[in-house]
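So this block is coords06.txt, compact mmCIF, C-alpha atoms:
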```
# COMPACT_ATOMS: atom_id res chain seq x y z
CA MET P 1 -9.51 -2.93 22.70
CA ALA P 2 -8.71 -4.84 19.52
CA VAL P 3 -6.85 -3.22 16.62
CA ASP P 4 -8.57 -3.29 13.24
CA VAL P 5 -6.47 -3.66 10.09
CA LEU P 6 -6.97 -2.19 6.63
CA LEU P 7 -4.87 -3.46 3.73
CA GLY P 8 -4.84 -4.17 0.00
CA LEU P 9 -5.67 -7.61 -1.39
CA GLN P 10 -4.11 -7.25 -4.84
CA TRP P 11 -0.83 -5.78 -6.10
CA GLY P 12 -1.32 -2.40 -4.43
CA ASP P 13 -3.08 0.74 -5.68
CA GLU P 14 -6.47 -0.55 -4.47
CA GLY P 15 -7.53 2.79 -2.96
CA LYS P 16 -6.45 2.33 0.65
CA GLY P 17 -5.81 6.02 1.33
CA LYS P 18 -9.34 7.08 0.47
CA ILE P 19 -10.93 4.28 2.51
CA VAL P 20 -8.79 5.03 5.58
CA ASP P 21 -9.90 8.65 5.31
CA VAL P 22 -13.54 7.53 5.10
CA LEU P 23 -13.25 5.15 8.07
CA THR P 24 -11.17 7.46 10.27
CA PRO P 25 -14.17 9.15 11.98
CA ASN P 26 -14.73 5.75 13.62
CA TYR P 27 -11.17 5.65 14.99
CA ASP P 28 -9.09 7.60 17.48
CA VAL P 29 -5.74 6.38 16.11
CA VAL P 30 -4.47 5.46 12.63
CA ALA P 31 -1.11 3.67 12.57
CA ARG P 32 0.94 2.81 9.46
CA PHE P 33 2.72 -0.52 9.97
CA GLN P 34 5.08 -1.22 7.02
CA GLY P 35 6.50 -0.02 3.73
CA GLY P 36 8.06 3.30 2.89
CA PRO P 37 7.75 6.19 0.44
CA ASN P 38 7.10 3.67 -2.35
CA ALA P 39 3.49 3.89 -1.13
CA GLY P 40 1.18 6.46 -2.70
CA HIS P 41 -2.08 6.77 -0.78
CA THR P 42 -4.40 9.10 -2.68
CA LEU P 43 -7.26 11.00 -1.02
CA GLU P 44 -9.65 13.46 -2.65
CA PHE P 45 -12.11 15.84 -1.04
CA ASN P 46 -13.31 19.40 -1.57
CA GLY P 47 -12.09 19.10 -5.14
CA ILE P 48 -8.44 18.69 -4.07
CA LYS P 49 -6.30 15.58 -4.60
CA HIS P 50 -3.77 14.63 -1.91
CA VAL P 51 -1.08 11.94 -2.08
CA LEU P 52 0.59 10.64 1.08
CA HIS P 53 3.70 8.45 1.03
CA THR P 54 4.63 8.05 4.70
CA ILE P 55 2.11 9.85 6.88
CA PRO P 56 -1.02 7.82 7.76
CA SER P 57 -4.17 8.71 5.84
CA GLY P 58 -6.01 9.84 8.98
CA ILE P 59 -4.00 13.06 9.13
CA PHE P 60 -6.77 15.14 7.52
CA ARG P 61 -9.31 14.32 10.24
CA ASP P 62 -9.35 16.57 13.31
CA GLY P 63 -8.68 14.84 16.60
CA THR P 64 -7.16 11.70 15.09
CA ILE P 65 -3.72 10.55 16.25
CA ASN P 66 -1.46 9.31 13.43
CA ILE P 67 1.46 6.98 14.16
CA VAL P 68 4.24 5.89 11.81
CA GLY P 69 5.16 2.50 13.26
CA ASN P 70 8.45 0.69 13.71
CA GLY P 71 7.85 -1.44 10.58
CA VAL P 72 8.03 1.59 8.28
CA VAL P 73 11.20 2.86 6.59
CA ILE P 74 11.35 6.66 6.38
CA ASP P 75 13.01 8.97 3.89
CA PRO P 76 13.41 12.34 5.68
CA VAL P 77 13.31 14.17 2.33
CA THR P 78 9.92 12.71 1.41
CA LEU P 79 8.56 13.17 4.92
CA LYS P 80 9.57 16.85 4.99
CA LYS P 81 7.81 17.45 1.66
CA GLU P 82 4.64 15.82 2.99
CA VAL P 83 4.68 17.83 6.20
CA ASP P 84 5.36 21.08 4.33
CA ALA P 85 2.46 20.41 1.97
CA LEU P 86 0.12 19.73 4.89
CA LEU P 87 1.17 22.89 6.71
CA LYS P 88 0.48 24.96 3.57
CA MET P 89 -3.06 23.63 3.71
CA ASN P 90 -3.34 24.54 7.40
CA VAL P 91 -3.48 20.87 8.39
CA GLU P 92 -2.25 20.53 11.97
CA VAL P 93 0.66 18.09 12.23
CA SER P 94 2.64 18.75 15.41
CA ASN P 95 0.02 17.54 17.87
CA LYS P 96 -1.25 14.50 15.96
CA LEU P 97 1.70 12.92 14.14
CA PHE P 98 4.01 10.56 16.04
CA ILE P 99 7.05 8.71 14.66
CA SER P 100 8.39 5.46 16.11
CA ARG P 101 11.97 5.66 17.29
CA LYS P 102 12.40 2.09 16.01
CA ALA P 103 11.45 2.98 12.42
CA HIS P 104 14.46 2.76 10.11
CA LEU P 105 15.81 5.63 8.05
CA ILE P 106 16.44 5.61 4.32
CA ILE P 107 19.70 7.44 3.72
CA PRO P 108 20.82 8.86 0.33
CA SER P 109 23.17 5.98 -0.42
CA HIS P 110 20.27 3.54 0.00
CA ARG P 111 18.69 5.17 -3.04
CA LEU P 112 21.95 4.88 -4.97
CA LEU P 113 22.24 1.18 -4.12
CA ASP P 114 18.64 0.66 -5.20
CA ALA P 115 19.24 2.30 -8.58
CA ALA P 116 22.56 0.51 -9.11
CA SER P 117 21.09 -2.89 -8.26
CA GLU P 118 18.08 -2.42 -10.54
CA SER P 119 20.32 -1.21 -13.37
CA MET P 120 22.50 -4.32 -13.14
CA LYS P 121 19.49 -6.66 -13.45
CA GLY P 122 18.72 -5.59 -17.01
CA LYS P 123 15.72 -7.54 -18.33
CA GLU P 124 15.23 -9.16 -14.92
CA LYS P 125 14.36 -5.86 -13.24
CA ILE P 126 11.93 -6.12 -10.34
CA GLY P 127 10.27 -2.78 -11.10
CA SER P 128 11.59 -1.02 -8.00
CA THR P 129 10.43 2.53 -7.32
CA LEU P 130 14.15 3.35 -6.70
CA ARG P 131 13.28 5.00 -3.36
CA GLY P 132 15.86 3.00 -1.37
CA ILE P 133 13.27 0.85 0.40
CA GLY P 134 14.85 -2.53 -0.40
CA PRO P 135 18.40 -1.57 0.67
CA SER P 136 17.03 0.02 3.86
CA TYR P 137 15.22 -3.18 4.83
CA MET P 138 18.37 -5.15 3.94
CA ASP P 139 20.36 -3.06 6.40
CA LYS P 140 17.60 -3.55 8.97
CA THR P 141 17.76 -7.35 8.75
CA GLY P 142 21.54 -7.19 8.41
CA ARG P 143 21.67 -5.25 11.70
CA ASN P 144 23.41 -2.29 10.14
CA GLY P 145 20.49 0.11 9.92
CA LEU P 146 20.06 3.66 11.16
CA ARG P 147 16.87 4.31 13.14
CA VAL P 148 14.82 7.39 13.95
CA GLY P 149 15.90 7.16 17.58
CA ASP P 150 19.53 7.46 16.47
CA ILE P 151 18.81 11.06 15.43
CA GLU P 152 18.69 11.91 19.14
CA ALA P 153 22.13 10.39 19.78
CA ALA P 154 25.17 12.63 20.28
CA ASP P 155 27.15 10.58 17.74
CA PHE P 156 24.44 10.51 15.06
CA MET P 157 26.78 11.92 12.40
CA ASP P 158 29.33 9.19 13.10
CA ARG P 159 26.63 6.53 12.78
CA TYR P 160 25.46 8.04 9.52
CA ARG P 161 28.97 8.24 8.10
CA LYS P 162 29.73 4.64 9.02
CA LEU P 163 26.67 3.36 7.15
CA ALA P 164 27.19 5.65 4.14
CA ASP P 165 30.85 4.55 3.87
CA LYS P 166 29.73 0.92 3.90
CA HIS P 167 27.44 1.67 0.97
CA ILE P 168 30.20 3.50 -0.92
CA ASP P 169 32.35 0.37 -0.65
CA LEU P 170 29.52 -1.67 -2.14
CA LEU P 171 29.01 0.80 -4.96
CA LYS P 172 32.68 0.48 -5.95
CA ASN P 173 31.87 -3.02 -7.20
CA MET P 174 28.98 -1.80 -9.38
CA ASP P 175 29.20 -0.13 -12.75
CA PHE P 176 27.21 2.88 -11.66
CA VAL P 177 27.92 6.61 -11.77
CA TYR P 178 26.69 8.61 -8.78
CA ASN P 179 27.18 11.78 -6.75
CA LEU P 180 26.37 11.23 -3.08
CA GLU P 181 27.43 14.75 -2.08
CA GLU P 182 24.68 16.12 -4.29
CA LEU P 183 22.00 14.21 -2.36
CA GLU P 184 23.15 14.78 1.20
CA PRO P 185 22.27 18.47 1.88
CA VAL P 186 18.54 18.06 1.27
CA TRP P 187 18.58 14.83 3.31
CA PHE P 188 20.06 16.61 6.32
CA GLU P 189 17.47 19.34 5.90
CA GLY P 190 14.92 16.56 6.24
CA ILE P 191 16.62 15.33 9.41
CA GLU P 192 16.44 18.82 10.93
CA ALA P 193 12.75 19.00 10.05
CA MET P 194 12.16 15.60 11.63
CA LYS P 195 13.63 16.84 14.91
CA LYS P 196 10.58 19.10 15.24
CA LEU P 197 8.24 16.10 15.14
CA ASN P 198 7.24 13.76 17.97
CA PHE P 199 9.51 10.74 18.35
CA VAL P 200 7.90 8.05 20.50
CA ASP P 201 8.27 4.46 21.67
CA SER P 202 5.28 3.60 19.52
CA GLU P 203 4.66 0.09 20.80
CA HIS P 204 4.16 1.43 24.34
CA LEU P 205 2.02 4.31 23.10
CA ILE P 206 -0.25 2.01 21.10
CA HIS P 207 -0.70 -0.36 24.02
CA GLN P 208 -1.57 2.55 26.27
CA TYR P 209 -4.19 3.65 23.78
CA MET P 210 -5.54 0.09 23.73
CA LYS P 211 -5.78 0.10 27.53
CA ASP P 212 -7.56 3.45 27.38
CA GLY P 213 -10.20 1.96 25.09
CA LYS P 214 -9.17 3.92 22.01
CA ASN P 215 -10.28 2.66 18.59
CA ILE P 216 -7.19 1.93 16.50
CA LEU P 217 -6.87 1.26 12.77
CA ALA P 218 -3.66 -0.22 11.37
CA GLU P 219 -3.01 1.00 7.81
CA GLY P 220 -1.05 -1.14 5.38
CA ALA P 221 0.80 -0.13 2.22
CA GLN P 222 1.29 -1.89 -1.13
CA GLY P 223 -0.81 -5.07 -1.47
CA SER P 224 -0.96 -8.63 -0.13
CA LEU P 225 0.29 -10.14 -3.40
CA LEU P 226 3.50 -8.12 -2.99
CA ASP P 227 4.26 -9.58 0.45
CA ILE P 228 7.94 -10.53 0.82
CA ASP P 229 7.04 -14.08 1.96
CA PHE P 230 3.73 -14.82 0.22
CA GLY P 231 3.80 -12.63 -2.88
CA SER P 232 5.01 -13.52 -6.39
CA TYR P 233 8.67 -13.67 -5.33
CA PRO P 234 11.03 -12.12 -6.39
CA PHE P 235 8.63 -9.54 -7.85
CA VAL P 236 7.58 -8.35 -4.40
CA THR P 237 8.18 -5.52 -1.98
CA SER P 238 10.59 -5.74 0.97
CA SER P 239 8.12 -5.98 3.86
CA ASN P 240 5.22 -8.08 5.13
CA THR P 241 2.14 -6.44 3.66
CA ILE P 242 -0.36 -8.87 5.24
CA THR P 243 -2.15 -8.73 8.61
CA ALA P 244 0.80 -10.40 10.34
CA GLY P 245 2.86 -7.36 9.33
CA ALA P 246 0.65 -5.21 11.55
CA CYS P 247 1.71 -7.33 14.53
CA THR P 248 5.45 -6.98 13.90
CA GLY P 249 5.19 -3.47 12.44
CA LEU P 250 3.39 -2.02 15.46
CA GLY P 251 4.13 -4.44 18.30
CA ILE P 252 0.61 -5.87 18.57
CA ALA P 253 -0.07 -9.44 19.71
CA PRO P 254 -1.93 -11.59 17.13
CA GLY P 255 -4.83 -12.09 19.54
CA LYS P 256 -5.41 -8.32 19.60
CA ILE P 257 -6.35 -8.09 15.92
CA GLY P 258 -10.04 -7.31 15.38
CA ARG P 259 -11.72 -6.68 12.03
CA VAL P 260 -9.65 -6.96 8.87
CA PHE P 261 -10.77 -4.75 5.99
CA GLY P 262 -9.51 -6.07 2.65
CA ILE P 263 -9.66 -3.62 -0.27
CA PHE P 264 -9.83 -4.73 -3.89
CA LYS P 265 -10.57 -3.11 -7.23
CA ALA P 266 -13.49 -4.30 -9.35
CA TYR P 267 -10.76 -5.26 -11.82
CA ALA P 268 -7.01 -5.72 -11.25
CA THR P 269 -3.84 -3.71 -11.82
CA ARG P 270 -0.14 -4.15 -11.28
CA VAL P 271 2.86 -1.82 -11.53
CA GLY P 272 6.26 -3.13 -12.56
CA SER P 273 7.31 -6.65 -13.48
CA GLY P 274 5.92 -9.96 -12.29
CA PRO P 275 3.14 -12.44 -13.09
CA PHE P 276 -0.35 -11.14 -13.84
CA PRO P 277 -2.48 -14.02 -15.21
CA SER P 278 -5.58 -11.95 -16.04
CA GLU P 279 -3.67 -9.06 -17.68
CA LEU P 280 -5.23 -7.48 -20.76
CA ASN P 281 -2.63 -6.48 -23.35
CA ASP P 282 -5.24 -5.14 -25.73
CA GLU P 283 -7.69 -2.31 -26.35
CA THR P 284 -9.81 -3.35 -23.37
CA GLY P 285 -6.82 -3.10 -21.03
CA GLU P 286 -5.99 0.33 -22.44
CA ALA P 287 -9.62 1.45 -22.04
CA ILE P 288 -9.56 0.43 -18.37
CA ARG P 289 -6.25 2.24 -17.86
CA LYS P 290 -7.61 5.46 -19.33
CA ALA P 291 -10.96 5.31 -17.56
CA GLY P 292 -9.35 4.51 -14.22
CA ASN P 293 -6.42 6.94 -14.63
CA GLU P 294 -4.20 3.99 -13.84
CA PHE P 295 -0.84 5.64 -13.36
CA GLY P 296 1.26 5.20 -10.22
CA ALA P 297 0.72 7.84 -7.53
CA THR P 298 4.38 7.54 -6.54
CA THR P 299 6.15 6.86 -9.86
CA GLY P 300 3.67 8.00 -12.50
CA ARG P 301 4.24 4.71 -14.35
CA PRO P 302 1.29 3.28 -16.30
CA ARG P 303 -0.29 0.37 -14.44
CA ARG P 304 -0.90 -2.95 -16.15
CA CYS P 305 -4.64 -3.67 -16.20
CA GLY P 306 -6.72 -6.84 -16.31
CA TRP P 307 -9.85 -8.59 -15.08
CA ILE P 308 -10.45 -9.38 -11.42
CA ASP P 309 -8.61 -12.53 -10.27
CA LEU P 310 -10.61 -14.67 -7.81
CA PRO P 311 -7.89 -17.29 -7.06
CA ALA P 312 -5.53 -14.46 -6.11
CA LEU P 313 -8.21 -12.81 -3.95
CA ARG P 314 -9.03 -16.10 -2.18
CA TYR P 315 -5.34 -16.49 -1.40
CA ALA P 316 -5.08 -12.97 0.02
CA ILE P 317 -8.26 -13.41 2.07
CA MET P 318 -6.88 -16.64 3.52
CA LEU P 319 -3.55 -15.08 4.47
CA ASN P 320 -5.14 -12.02 6.08
CA GLY P 321 -8.21 -13.40 7.83
CA VAL P 322 -10.36 -10.80 6.05
CA THR P 323 -13.70 -10.09 7.72
CA ASP P 324 -14.89 -7.24 5.46
CA LEU P 325 -14.35 -6.70 1.75
CA ILE P 326 -14.28 -3.20 0.27
CA MET P 327 -14.70 -2.81 -3.49
CA THR P 328 -13.29 0.23 -5.28
CA LYS P 329 -13.57 1.54 -8.84
CA PRO P 330 -16.62 -0.27 -10.25
CA ASP P 331 -17.32 3.13 -11.85
CA VAL P 332 -14.33 2.53 -14.13
CA LEU P 333 -16.10 -0.48 -15.68
CA SER P 334 -19.22 1.53 -16.58
CA GLY P 335 -19.93 1.27 -20.29
CA PHE P 336 -18.58 -2.23 -20.88
CA ASP P 337 -21.20 -4.54 -22.43
CA LYS P 338 -19.40 -7.53 -20.93
CA ILE P 339 -16.85 -7.87 -18.17
CA SER P 340 -14.91 -11.00 -17.27
CA VAL P 341 -13.83 -12.69 -14.06
CA CYS P 342 -10.81 -14.98 -13.72
CA THR P 343 -12.25 -17.96 -11.80
CA HIS P 344 -9.42 -20.51 -12.20
CA TYR P 345 -6.03 -21.02 -13.84
CA HIS P 346 -4.93 -23.51 -16.50
CA TYR P 347 -1.68 -24.82 -15.03
CA HIS P 348 0.37 -27.80 -16.24
CA GLY P 349 -2.67 -29.23 -18.00
CA LYS P 350 -4.91 -28.88 -14.94
CA LYS P 351 -7.61 -26.44 -13.90
CA ILE P 352 -6.79 -25.05 -10.45
CA ASP P 353 -8.34 -22.38 -8.19
CA TYR P 354 -5.26 -21.37 -6.19
CA MET P 355 -1.95 -19.57 -6.74
CA PRO P 356 0.83 -22.11 -7.34
CA PHE P 357 4.37 -21.76 -5.99
CA ASP P 358 5.97 -21.33 -9.42
CA ILE P 359 3.48 -18.82 -10.81
CA VAL P 360 6.41 -16.59 -11.79
CA ASN P 361 7.91 -19.09 -14.24
CA ALA P 362 5.05 -21.45 -15.09
CA ASP P 363 2.71 -21.04 -18.06
CA VAL P 364 -0.41 -19.95 -16.18
CA LYS P 365 -3.48 -19.06 -18.25
CA PRO P 366 -6.67 -17.53 -16.83
CA VAL P 367 -10.02 -19.29 -17.01
CA LEU P 368 -12.50 -16.47 -17.63
CA GLU P 369 -16.23 -16.28 -16.94
CA GLU P 370 -18.21 -13.56 -18.66
CA ARG P 371 -20.64 -11.32 -16.77
CA LYS P 372 -23.03 -8.60 -17.89
CA GLY P 373 -21.65 -5.08 -17.64
CA TRP P 374 -23.47 -1.90 -16.69
CA LYS P 375 -23.92 1.30 -18.68
CA GLU P 376 -24.83 3.74 -15.92
CA ASN P 377 -22.47 6.42 -14.63
CA LEU P 378 -21.97 5.51 -10.97
CA SER P 379 -20.25 8.70 -9.79
CA GLY P 380 -23.41 10.38 -8.51
CA ILE P 381 -24.92 7.34 -6.79
CA ASP P 382 -25.45 7.85 -3.06
CA ALA P 383 -27.21 4.63 -2.03
CA GLU P 384 -26.96 0.92 -2.76
CA SER P 385 -30.61 0.88 -3.83
CA LYS P 386 -29.58 2.98 -6.86
CA PHE P 387 -26.97 0.49 -8.11
CA PRO P 388 -27.71 -0.88 -11.57
CA LYS P 389 -28.86 -4.49 -11.35
CA GLU P 390 -25.77 -5.74 -13.16
CA LEU P 391 -23.47 -4.17 -10.54
CA SER P 392 -25.52 -5.62 -7.68
CA ASP P 393 -25.34 -9.03 -9.37
CA TYR P 394 -21.56 -8.63 -9.80
CA ILE P 395 -21.08 -7.81 -6.10
CA GLN P 396 -23.28 -10.71 -4.99
CA TYR P 397 -21.40 -13.05 -7.33
CA ILE P 398 -18.05 -12.02 -5.82
CA GLU P 399 -19.40 -12.45 -2.30
CA SER P 400 -20.63 -15.95 -3.14
CA GLN P 401 -17.24 -16.89 -4.60
CA LEU P 402 -15.14 -15.43 -1.77
CA ASN P 403 -17.47 -16.09 1.20
CA VAL P 404 -16.81 -12.67 2.71
CA PRO P 405 -19.29 -9.75 2.61
CA VAL P 406 -18.60 -6.64 0.56
CA THR P 407 -19.49 -4.01 3.14
CA ILE P 408 -18.36 -0.83 1.36
CA VAL P 409 -18.34 0.16 -2.32
CA SER P 410 -16.42 3.20 -3.60
CA VAL P 411 -17.88 4.74 -6.76
CA GLY P 412 -15.40 7.60 -7.23
CA PRO P 413 -12.26 9.21 -5.79
CA ASP P 414 -13.97 11.68 -3.46
CA ARG P 415 -14.61 10.68 0.16
CA ASN P 416 -18.31 11.37 -0.42
CA GLN P 417 -18.48 8.83 -3.23
CA THR P 418 -18.61 5.93 -0.80
CA ILE P 419 -21.55 3.59 -0.25
CA VAL P 420 -21.87 1.67 3.01
CA ARG P 421 -24.04 -1.33 2.17
CA LYS P 422 -27.07 -2.32 4.19
CA ASN P 423 -25.56 -5.66 5.20
CA SER P 424 -22.40 -4.10 6.66
```
Same coordinates, now as structure tokens:
Amino acid sequence: MAVDVLLGLQWGDEGKGKIVDVLTPNYDVVARFQGGPNAGHTLEFNGIKHVLHTIPSGIFRDGTINIVGNGVVIDPVTLKKEVDALLKMNVEVSNKLFISRKAHLIIPSHRLLDAASESMKGKEKIGSTLRGIGPSYMDKTGRNGLRVGDIEAADFMDRYRKLADKHIDLLKNMDFVYNLEELEPVWFEGIEAMKKLNFVDSEHLIHQYMKDGKNILAEGAQGSLLDIDFGSYPFVTSSNTITAGACTGLGIAPGKIGRVFGIFKAYATRVGSGPFPSELNDETGEAIRKAGNEFGATTGRPRRCGWIDLPALRYAIMLNGVTDLIMTKPDVLSGFDKISVCTHYHYHGKKIDYMPFDIVNADVKPVLEERKGWKENLSGIDAESKFPKELSDYIQYIESQLNVPVTIVSVGPDRNQTIVRKNS
């Protein structure tokens, strides 16, 4: 069986958690393949809002296996909080959550290094969530990291101490005040809680499920435009957020990738620093932020808002091999007389339709095309036939520009506010 992939096509926060939850009844296994607790996947059903940072978004569906893959970095403190919250809601965890032994651990001093590094950058801050993700991936590539499987080793404490001492030496060269001893007790509580979970050799488990004919969905975090290689470097995350990341983050051969679901908002948002050509620093941007409740699920920071960016979406579709587009939050744009679409960029005196290498430093201006907005409240719509004409025209326009079908439209945060289109 092939493995389908679901990921974000913008700068994150596209609504991946909800869509995974909606699609999960079609899958036996949901596997997270990269990122860490900087992710905030929000799901809403039965009037209750849930935010997951590490655990795959299929955890709320009975009978679905959830795997945290080797490409993920795990903070035991965050994971324990998530598990505890699920248990309070009587969500079964022990028999359907599996953690890769090859996934790397975020230790308390990773968070200190993250904060110290960001503090030293001053105006050149990346906009890190300060969760220790970057330093953990640095130790991974530097071959110094601590992995989940190490928890089972007799000398785990020695391995932990060696890595923490290395970080303390690094912190001596930074003008940063910290108290590591204050952070360690709760971290070790998280380690003890993790010992009650299922540690597995996830690449073997996934391949066995594939042989058994199980339907598998790989869940990405962040967004394609934050990819460490192809995003707006250096304002990126520390992992590969594109389809290729599912191969390395789960141990799947490229030829085993099936459908690729690319999620995008009907507009665009970004958290933290970095280029955002179609950003709206005006009343319209503020209106979108308020209507869309655009505040980070992980950090609470206000998101920057702007019009949809077609050159950026084309780029993400190309990198990912997207077969299905999923639009979220058109309901947020209800009430606008006019909405705009960024179709090209003005760049060094030329009009281009792609993302240039130096988009971070170059003077890139959006070329905007105006479209008719829609007045109707979309939250109660339960069929595509009830879409206002202007929304249907907007969707068809995007499909014609991107050459990929929009197969699902989300018109609200609840799992029931999801329209599967007739042409899906």
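The coordinates place CA of Lys338 in chain P at 13.3 Å from CA of Gly285 in chain P.
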Which of these, P:Ile106, P:Gly149, P:Asn173, P:Arg415, has the shortest distance to Gly17 in chain P once you count all atoms listed in the file?
P:Arg415
Work out how far apart CA of Asp414 in chain P and CA of Leu23 in chain P are and give it in Å to one decimal.
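Computed distance, CA of Asp414 in chain P to CA of Leu23 in chain P, equals 13.3 Å.
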Can you work out which one of P:Gln396, P:Pro275, P:Thr24, P:Arg314 has the shortest atom-to-atom distance to Asp363 in chain P, counting only C-alpha atoms?
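Under the stated criterion, the closest residue is P:Pro275.
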What's around Cys305 in chain P at 10 Å? Count all atoms listed in the file, leave out sequence neighbours fewer than 6 positions away in its own chain, and write the answer as a list in words.
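Within the cut-off, the hits are Tyr267, Ala268, Thr269, Arg270, Val271, Phe276, Ser278, Glu279, Leu280, Asn281, Asp282, Thr284, Gly285, Glu286, Ala287, Ile288, Arg289, Gly292 and Glu294 of chain P.
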List the residues sitting within 8 Å of (-0.3, -20.8, -17.4) in the file's frame, using all atoms listed in the file, as a PyMOL selection string.
chain P and resi 277+345-348+359+362-366
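Atom pair CA of Thr54 in chain P / CA of Asn38 in chain P has a distance of 8.7 Å (rounded to one decimal).
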Which residues are near Asn95 in chain P? Cut-off 9 Å, all atoms listed in the file, ignore same chain within fewer than 5 positions. Put them as a list of chain:residue names.
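My list of contacting residues is P:Ile65, P:Leu197, P:Asn198.
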Taking into account all atoms listed in the file, which residue in the set P:Val5, P:Met89, P:Val73, P:Met327 is nearest to Glu399 in chain P?
P:Met327
Point (-2.7, 7.4, 14.3), cut-off 12 Å, counting all atoms listed in the file, residues as a ChimeraX atom specification
/P:3,20-21,24-25,27-33,55-69,93,95-100,202,205-206,209,214-219,250
Using only C-alpha atoms, which residues sit within 10 Å of Gly373 in chain P once same-chain residues fewer than 3 positions away are excluded, as a PyMOL selection string?
chain P and resi 333-340+370+376+388-391+393-394
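Considering all atoms listed in the file, the residue among P:Leu225, P:Ile133, P:Val177, P:Ile326 positioned nearest to Gly274 in chain P is P:Leu225.
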